[in-house]
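Okay, data36.pdb is below, PDB, C-alpha atoms, pLDDT in the B column:
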ATOM      1  CA  MET V   1     -10.886  33.465   4.279  1.00 50.00           C
ATOM      2  CA  ARG V   2      -8.442  35.962   2.856  1.00 55.00           C
ATOM      3  CA  ARG V   3      -7.474  36.001  -0.806  1.00 56.00           C
ATOM      4  CA  GLU V   4      -3.824  35.173   0.053  1.00 61.00           C
ATOM      5  CA  ASP V   5      -5.038  32.061   1.856  1.00 78.00           C
ATOM      6  CA  ASP V   6      -6.888  30.901  -1.270  1.00 79.00           C
ATOM      7  CA  THR V   7      -3.774  31.460  -3.373  1.00 85.00           C
ATOM      8  CA  SER V   8      -1.577  29.597  -0.902  1.00 90.00           C
ATOM      9  CA  LYS V   9      -4.041  26.712  -0.702  1.00 90.00           C
ATOM     10  CA  ALA V  10      -4.134  26.461  -4.511  1.00 90.00           C
ATOM     11  CA  GLN V  11      -0.328  26.422  -4.620  1.00 93.00           C
ATOM     12  CA  VAL V  12      -0.110  23.710  -1.966  1.00 94.00           C
ATOM     13  CA  LEU V  13      -2.800  21.660  -3.753  1.00 94.00           C
ATOM     14  CA  SER V  14      -0.826  21.910  -7.002  1.00 94.00           C
ATOM     15  CA  LEU V  15       2.422  20.975  -5.257  1.00 95.00           C
ATOM     16  CA  LEU V  16       0.899  17.983  -3.456  1.00 95.00           C
ATOM     17  CA  SER V  17      -0.776  16.755  -6.644  1.00 94.00           C
ATOM     18  CA  SER V  18       2.618  16.556  -8.346  1.00 95.00           C
ATOM     19  CA  VAL V  19       4.232  14.398  -5.635  1.00 93.00           C
ATOM     20  CA  PRO V  20       4.832  10.796  -6.805  1.00 91.00           C
ATOM     21  CA  GLY V  21       2.426   8.421  -5.045  1.00 88.00           C
ATOM     22  CA  VAL V  22      -0.293  11.021  -4.432  1.00 92.00           C
ATOM     23  CA  GLY V  23      -3.475   9.915  -6.198  1.00 90.00           C
ATOM     24  CA  GLN V  24      -5.636  12.895  -5.383  1.00 91.00           C
ATOM     25  CA  VAL V  25      -5.813  15.897  -3.110  1.00 95.00           C
ATOM     26  CA  LEU V  26      -9.201  16.720  -1.636  1.00 94.00           C
ATOM     27  CA  ASP V  27     -10.315  20.305  -1.154  1.00 93.00           C
ATOM     28  CA  GLU V  28     -13.570  21.288   0.591  1.00 92.00           C
ATOM     29  CA  ASN V  29     -15.768  19.718  -2.112  1.00 93.00           C
ATOM     30  CA  GLY V  30     -13.656  16.554  -2.262  1.00 93.00           C
ATOM     31  CA  LYS V  31     -13.702  16.167   1.506  1.00 93.00           C
ATOM     32  CA  ARG V  32     -17.487  16.533   1.481  1.00 94.00           C
ATOM     33  CA  GLN V  33     -17.769  13.846  -1.223  1.00 92.00           C
ATOM     34  CA  TRP V  34     -15.732  11.371   0.868  1.00 89.00           C
ATOM     35  CA  HIS V  35     -17.442  12.398   4.154  1.00 90.00           C
ATOM     36  CA  LEU V  36     -14.224  13.887   5.548  1.00 90.00           C
ATOM     37  CA  ASP V  37     -15.627  17.384   6.000  1.00 89.00           C
ATOM     38  CA  HIS V  38     -15.132  17.852   9.721  1.00 90.00           C
ATOM     39  CA  PRO V  39     -13.184  20.583  11.537  1.00 87.00           C
ATOM     40  CA  ARG V  40     -10.114  18.416  12.230  1.00 89.00           C
ATOM     41  CA  ALA V  41      -9.686  17.191   8.637  1.00 89.00           C
ATOM     42  CA  GLY V  42      -7.417  20.085   7.686  1.00 88.00           C
ATOM     43  CA  ASP V  43      -7.655  22.290   4.631  1.00 91.00           C
ATOM     44  CA  LEU V  44      -6.488  19.610   2.184  1.00 93.00           C
ATOM     45  CA  VAL V  45      -6.408  15.815   2.397  1.00 93.00           C
ATOM     46  CA  ALA V  46      -3.908  13.833   0.301  1.00 92.00           C
ATOM     47  CA  ILE V  47      -4.923  10.316  -0.746  1.00 91.00           C
ATOM     48  CA  ALA V  48      -2.305   7.832  -1.931  1.00 88.00           C
ATOM     49  CA  GLN V  49      -2.403   6.080  -5.277  1.00 87.00           C
ATOM     50  CA  GLU V  50      -3.487   2.447  -5.268  1.00 81.00           C
ATOM     51  CA  ASP V  51       0.092   1.141  -5.171  1.00 80.00           C
ATOM     52  CA  SER V  52       1.433   3.683  -2.658  1.00 82.00           C
ATOM     53  CA  TRP V  53       1.128   4.641   0.983  1.00 82.00           C
ATOM     54  CA  PHE V  54       2.366   7.491   3.113  1.00 85.00           C
ATOM     55  CA  THR V  55       4.877   6.517   5.768  1.00 86.00           C
ATOM     56  CA  TRP V  56       5.012   8.282   9.077  1.00 88.00           C
ATOM     57  CA  TYR V  57       8.828   8.318   8.957  1.00 90.00           C
ATOM     58  CA  HIS V  58       9.991  11.843   9.699  1.00 90.00           C
ATOM     59  CA  TRP V  59      13.741  11.187   9.633  1.00 92.00           C
ATOM     60  CA  LEU V  60      16.163  10.844   6.744  1.00 92.00           C
ATOM     61  CA  ASP V  61      18.753   8.703   8.519  1.00 94.00           C
ATOM     62  CA  ASP V  62      17.545   5.411  10.065  1.00 92.00           C
ATOM     63  CA  ALA V  63      20.167   5.802  12.811  1.00 93.00           C
ATOM     64  CA  LYS V  64      18.154   8.806  14.006  1.00 94.00           C
ATOM     65  CA  ALA V  65      14.824   6.941  14.098  1.00 93.00           C
ATOM     66  CA  PRO V  66      13.119   6.917  17.509  1.00 93.00           C
ATOM     67  CA  ASP V  67      13.535   3.692  19.501  1.00 90.00           C
ATOM     68  CA  PHE V  68       9.842   2.840  19.145  1.00 92.00           C
ATOM     69  CA  ALA V  69      10.003   2.937  15.317  1.00 92.00           C
ATOM     70  CA  ARG V  70      11.189  -0.684  15.209  1.00 92.00           C
ATOM     71  CA  THR V  71       8.480  -1.876  17.617  1.00 91.00           C
ATOM     72  CA  VAL V  72       4.724  -2.384  17.507  1.00 89.00           C
ATOM     73  CA  ASP V  73       3.648   0.816  19.228  1.00 88.00           C
ATOM     74  CA  ILE V  74       0.304   2.217  18.115  1.00 85.00           C
ATOM     75  CA  HIS V  75       0.301   4.989  20.700  1.00 89.00           C
ATOM     76  CA  ARG V  76       3.483   6.827  19.762  1.00 90.00           C
ATOM     77  CA  LYS V  77       3.389   6.409  15.979  1.00 89.00           C
ATOM     78  CA  THR V  78       1.473   8.963  13.955  1.00 84.00           C
ATOM     79  CA  GLY V  79      -1.012   6.822  12.091  1.00 78.00           C
ATOM     80  CA  TYR V  80      -1.087   3.196  11.067  1.00 82.00           C
ATOM     81  CA  ASP V  81       2.282   1.561  10.337  1.00 87.00           C
ATOM     82  CA  PRO V  82       1.811  -1.426   7.998  1.00 88.00           C
ATOM     83  CA  ALA V  83       5.528  -2.230   8.361  1.00 89.00           C
ATOM     84  CA  GLU V  84       4.523  -3.679  11.752  1.00 91.00           C
ATOM     85  CA  LEU V  85       3.186  -6.683   9.821  1.00 90.00           C
ATOM     86  CA  PHE V  86       6.754  -7.735   8.967  1.00 93.00           C
ATOM     87  CA  LEU V  87       9.836  -8.935  10.793  1.00 93.00           C
ATOM     88  CA  ASP V  88      13.044  -7.192   9.809  1.00 93.00           C
ATOM     89  CA  PRO V  89      14.539  -9.397   7.061  1.00 93.00           C
ATOM     90  CA  ARG V  90      18.053  -8.275   8.082  1.00 92.00           C
ATOM     91  CA  LEU V  91      17.729 -10.001  11.474  1.00 92.00           C
ATOM     92  CA  CYS V  92      19.521 -13.291  11.915  1.00 92.00           C
ATOM     93  CA  CYS V  93      17.236 -15.894  13.537  1.00 93.00           C
ATOM     94  CA  PRO V  94      14.331 -13.520  14.299  1.00 91.00           C
ATOM     95  CA  LYS V  95      12.312 -16.161  16.183  1.00 93.00           C
ATOM     96  CA  LEU V  96      15.263 -16.845  18.481  1.00 95.00           C
ATOM     97  CA  ARG V  97      15.708 -13.101  19.016  1.00 93.00           C
ATOM     98  CA  ILE V  98      12.015 -12.747  19.932  1.00 94.00           C
ATOM     99  CA  ALA V  99      12.183 -15.750  22.274  1.00 96.00           C
ATOM    100  CA  THR V 100      15.237 -14.259  24.004  1.00 95.00           C
ATOM    101  CA  LYS V 101      13.495 -10.928  24.485  1.00 93.00           C
ATOM    102  CA  LEU V 102      10.366 -12.649  25.846  1.00 95.00           C
ATOM    103  CA  ALA V 103      12.521 -14.637  28.273  1.00 96.00           C
ATOM    104  CA  LYS V 104      14.160 -11.413  29.480  1.00 95.00           C
ATOM    105  CA  ARG V 105      10.724  -9.887  30.036  1.00 94.00           C
ATOM    106  CA  ALA V 106       9.589 -12.981  31.923  1.00 95.00           C
ATOM    107  CA  LEU V 107      12.595 -12.502  34.217  1.00 96.00           C
ATOM    108  CA  GLY V 108      11.520  -8.915  34.868  1.00 95.00           C
ATOM    109  CA  LEU V 109      14.136  -7.256  32.677  1.00 95.00           C
ATOM    110  CA  ARG V 110      13.257  -4.368  30.388  1.00 93.00           C
ATOM    111  CA  THR V 111      13.874  -4.790  26.673  1.00 90.00           C
ATOM    112  CA  LEU V 112      12.577  -3.397  23.409  1.00 88.00           C
ATOM    113  CA  MET V 113      10.914  -5.826  21.019  1.00 90.00           C
ATOM    114  CA  ASP V 114      12.727  -4.064  18.165  1.00 90.00           C
ATOM    115  CA  VAL V 115      12.114  -6.509  15.322  1.00 92.00           C
ATOM    116  CA  ILE V 116      10.114  -4.321  12.900  1.00 91.00           C
ATOM    117  CA  PRO V 117      11.850  -3.158   9.700  1.00 93.00           C
ATOM    118  CA  LEU V 118      12.202   0.471   8.667  1.00 92.00           C
ATOM    119  CA  ASP V 119      12.050  -0.520   4.996  1.00 90.00           C
ATOM    120  CA  ALA V 120       8.796   0.934   3.651  1.00 84.00           C
ATOM    121  CA  SER V 121       9.275  -0.868   0.317  1.00 86.00           C
ATOM    122  CA  LEU V 122       8.210  -4.164   1.961  1.00 88.00           C
ATOM    123  CA  VAL V 123       4.648  -2.837   2.146  1.00 85.00           C
ATOM    124  CA  ARG V 124       2.533  -3.355  -0.967  1.00 80.00           C
ATOM    125  CA  GLY V 125      -0.749  -1.633  -1.753  1.00 74.00           C
ATOM    126  CA  SER V 126      -2.246   1.620  -0.597  1.00 74.00           C
ATOM    127  CA  HIS V 127      -3.588   0.822   2.886  1.00 71.00           C
ATOM    128  CA  GLY V 128      -6.427   3.312   2.869  1.00 69.00           C
ATOM    129  CA  ALA V 129      -7.013   4.607  -0.647  1.00 77.00           C
ATOM    130  CA  PRO V 130     -10.586   4.163  -1.854  1.00 77.00           C
ATOM    131  CA  PRO V 131     -10.977   1.138  -4.171  1.00 75.00           C
ATOM    132  CA  SER V 132     -10.864   1.963  -7.874  1.00 75.00           C
ATOM    133  CA  ALA V 133     -12.816  -1.090  -9.039  1.00 76.00           C
ATOM    134  CA  ASN V 134     -15.721  -3.152  -7.703  1.00 76.00           C
ATOM    135  CA  GLN V 135     -13.581  -6.271  -7.288  1.00 76.00           C
ATOM    136  CA  HIS V 136     -11.504  -4.403  -4.685  1.00 74.00           C
ATOM    137  CA  GLU V 137     -14.459  -3.295  -2.562  1.00 76.00           C
ATOM    138  CA  PRO V 138     -15.216  -4.965   0.787  1.00 77.00           C
ATOM    139  CA  LEU V 139     -17.089  -8.262   0.753  1.00 79.00           C
ATOM    140  CA  LEU V 140     -20.013  -8.933   3.075  1.00 79.00           C
ATOM    141  CA  ILE V 141     -21.059 -12.545   3.629  1.00 83.00           C
ATOM    142  CA  ASN V 142     -24.411 -12.999   5.270  1.00 82.00           C
ATOM    143  CA  SER V 143     -26.744 -15.924   6.072  1.00 84.00           C
ATOM    144  CA  ALA V 144     -29.907 -13.786   6.550  1.00 81.00           C
ATOM    145  CA  PRO V 145     -31.370 -13.094   3.069  1.00 75.00           C
ATOM    146  CA  GLY V 146     -33.626 -10.222   4.181  1.00 77.00           C
ATOM    147  CA  LEU V 147     -30.913  -8.309   6.047  1.00 76.00           C
ATOM    148  CA  LEU V 148     -29.613  -6.304   3.106  1.00 72.00           C
ATOM    149  CA  ASN V 149     -31.571  -3.961   0.879  1.00 68.00           C
ATOM    150  CA  ARG V 150     -31.083  -5.142  -2.722  1.00 63.00           C
ATOM    151  CA  SER V 151     -31.598  -1.635  -4.179  1.00 59.00           C
ATOM    152  CA  SER V 152     -28.293  -0.329  -2.774  1.00 51.00           C
TER     153      SER V 152
END
Go ahead and render the structure in this file as structure tokens.
Amino acid sequence: MRREDDTSKAQVLSLLSSVPGVGQVLDENGKRQWHLDHPRAGDLVAIAQEDSWFTWYHWLDDAKAPDFARTVDIHRKTGYDPAELFLDPRLCCPKLRIATKLAKRALGLRTLMDVIPLDASLVRGSHGAPPSANQHEPLLINSAPGLLNRSS
């Protein structure tokens, strides 16, 4: 790696670290620690703070959002979109709207199920940041006492 590349990487790391909502930025050592050290991980990996998440929204005006942004569409969105867990609170009678769209589909008509909000503030939590305390770690319930090694 060239010296200019190291300088640029350090500048980008510093810039990313100062962005509100960024908890940490992983360099080569950090990626290795979190087992993210593979060729497609990129040079730096930003991890959100516990109460933040990174949206995939790449537009500044919601009128310019792609048509699939308001739908559940895991194949065209870049990454996980936790806003898909919500119905747009601005919709009047959302269940009736969904039923109407399903009826249109049943009749063979094409329609977008555009009921997902573009309001990222509805999402709470980090959705992917490593837990900061033991009480936030995953829970494993098991009925076979000898299955788990007690030393770990």
Please compute the atom CA of Val22 of chain V-atom CA of Ser52 of chain V distance, one decimal, in Å.
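If I compute the distance from atom CA of Val22 of chain V to atom CA of Ser52 of chain V, I get 7.7 Å.
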Closest pair table for segment 41-120 of chain V residues within 10 Å of segment 8-13 of chain V, only C-alpha atoms, as CSV:
residue,atom,partner,partner_atom,distance
V:Asp43,CA,V:Lys9,CA,7.8
V:Leu44,CA,V:Leu13,CA,7.3
V:Val45,CA,V:Leu13,CA,9.2
V:Ala46,CA,V:Leu13,CA,8.9
What box, with edges along x, y and z, holds each listed atom of segment 3-16 of chain V when 6 Å is added on every side, and can you state its centre and edge lengths in Å to one decimal, as JSON?
{"center_x": -2.5, "center_y": 27.0, "center_z": -2.6, "size_x": 21.9, "size_y": 30.0, "size_z": 20.9}
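Put simply, the PyMOL selection byres ((chain V and resi 54-70) around 8) on this file hits Ala48, Ser52, Trp53, Thr71, Val72, Asp73, Arg76, Lys77, Thr78, Gly79, Asp81, Met113, Asp114, Val115, Ile116, Pro117, Leu118 and Ala120 of chain V.
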For the residues in that selection, give me C-alpha atoms as a CSV table (one decimal), keeping the file's coordinate frame.
chain,number,residue,atom,x,y,z
V,48,ALA,CA,-2.3,7.8,-1.9
V,52,SER,CA,1.4,3.7,-2.7
V,53,TRP,CA,1.1,4.6,1.0
V,71,THR,CA,8.5,-1.9,17.6
V,72,VAL,CA,4.7,-2.4,17.5
V,73,ASP,CA,3.6,0.8,19.2
V,76,ARG,CA,3.5,6.8,19.8
V,77,LYS,CA,3.4,6.4,16.0
V,78,THR,CA,1.5,9.0,14.0
V,79,GLY,CA,-1.0,6.8,12.1
V,81,ASP,CA,2.3,1.6,10.3
V,113,MET,CA,10.9,-5.8,21.0
V,114,ASP,CA,12.7,-4.1,18.2
V,115,VAL,CA,12.1,-6.5,15.3
V,116,ILE,CA,10.1,-4.3,12.9
V,117,PRO,CA,11.8,-3.2,9.7
V,118,LEU,CA,12.2,0.5,8.7
V,120,ALA,CA,8.8,0.9,3.7
Gap from atom CA of Val19 of chain V to atom CA of Gln49 of chain V - Å, one decimal
10.6 Å
Hits of the PyMOL selection byres ((chain V and resi 124) around 12) in this structure, as a ChimeraX atom specification
/V:49-54,82-83,85-86,119-123,125-128
Quote the spacing between atom CA of Thr100 of chain V and atom CA of Asp88 of chain V in Å to one decimal place.
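Answer for the atom CA of Thr100 of chain V to atom CA of Asp88 of chain V separation: 16.0 Å.
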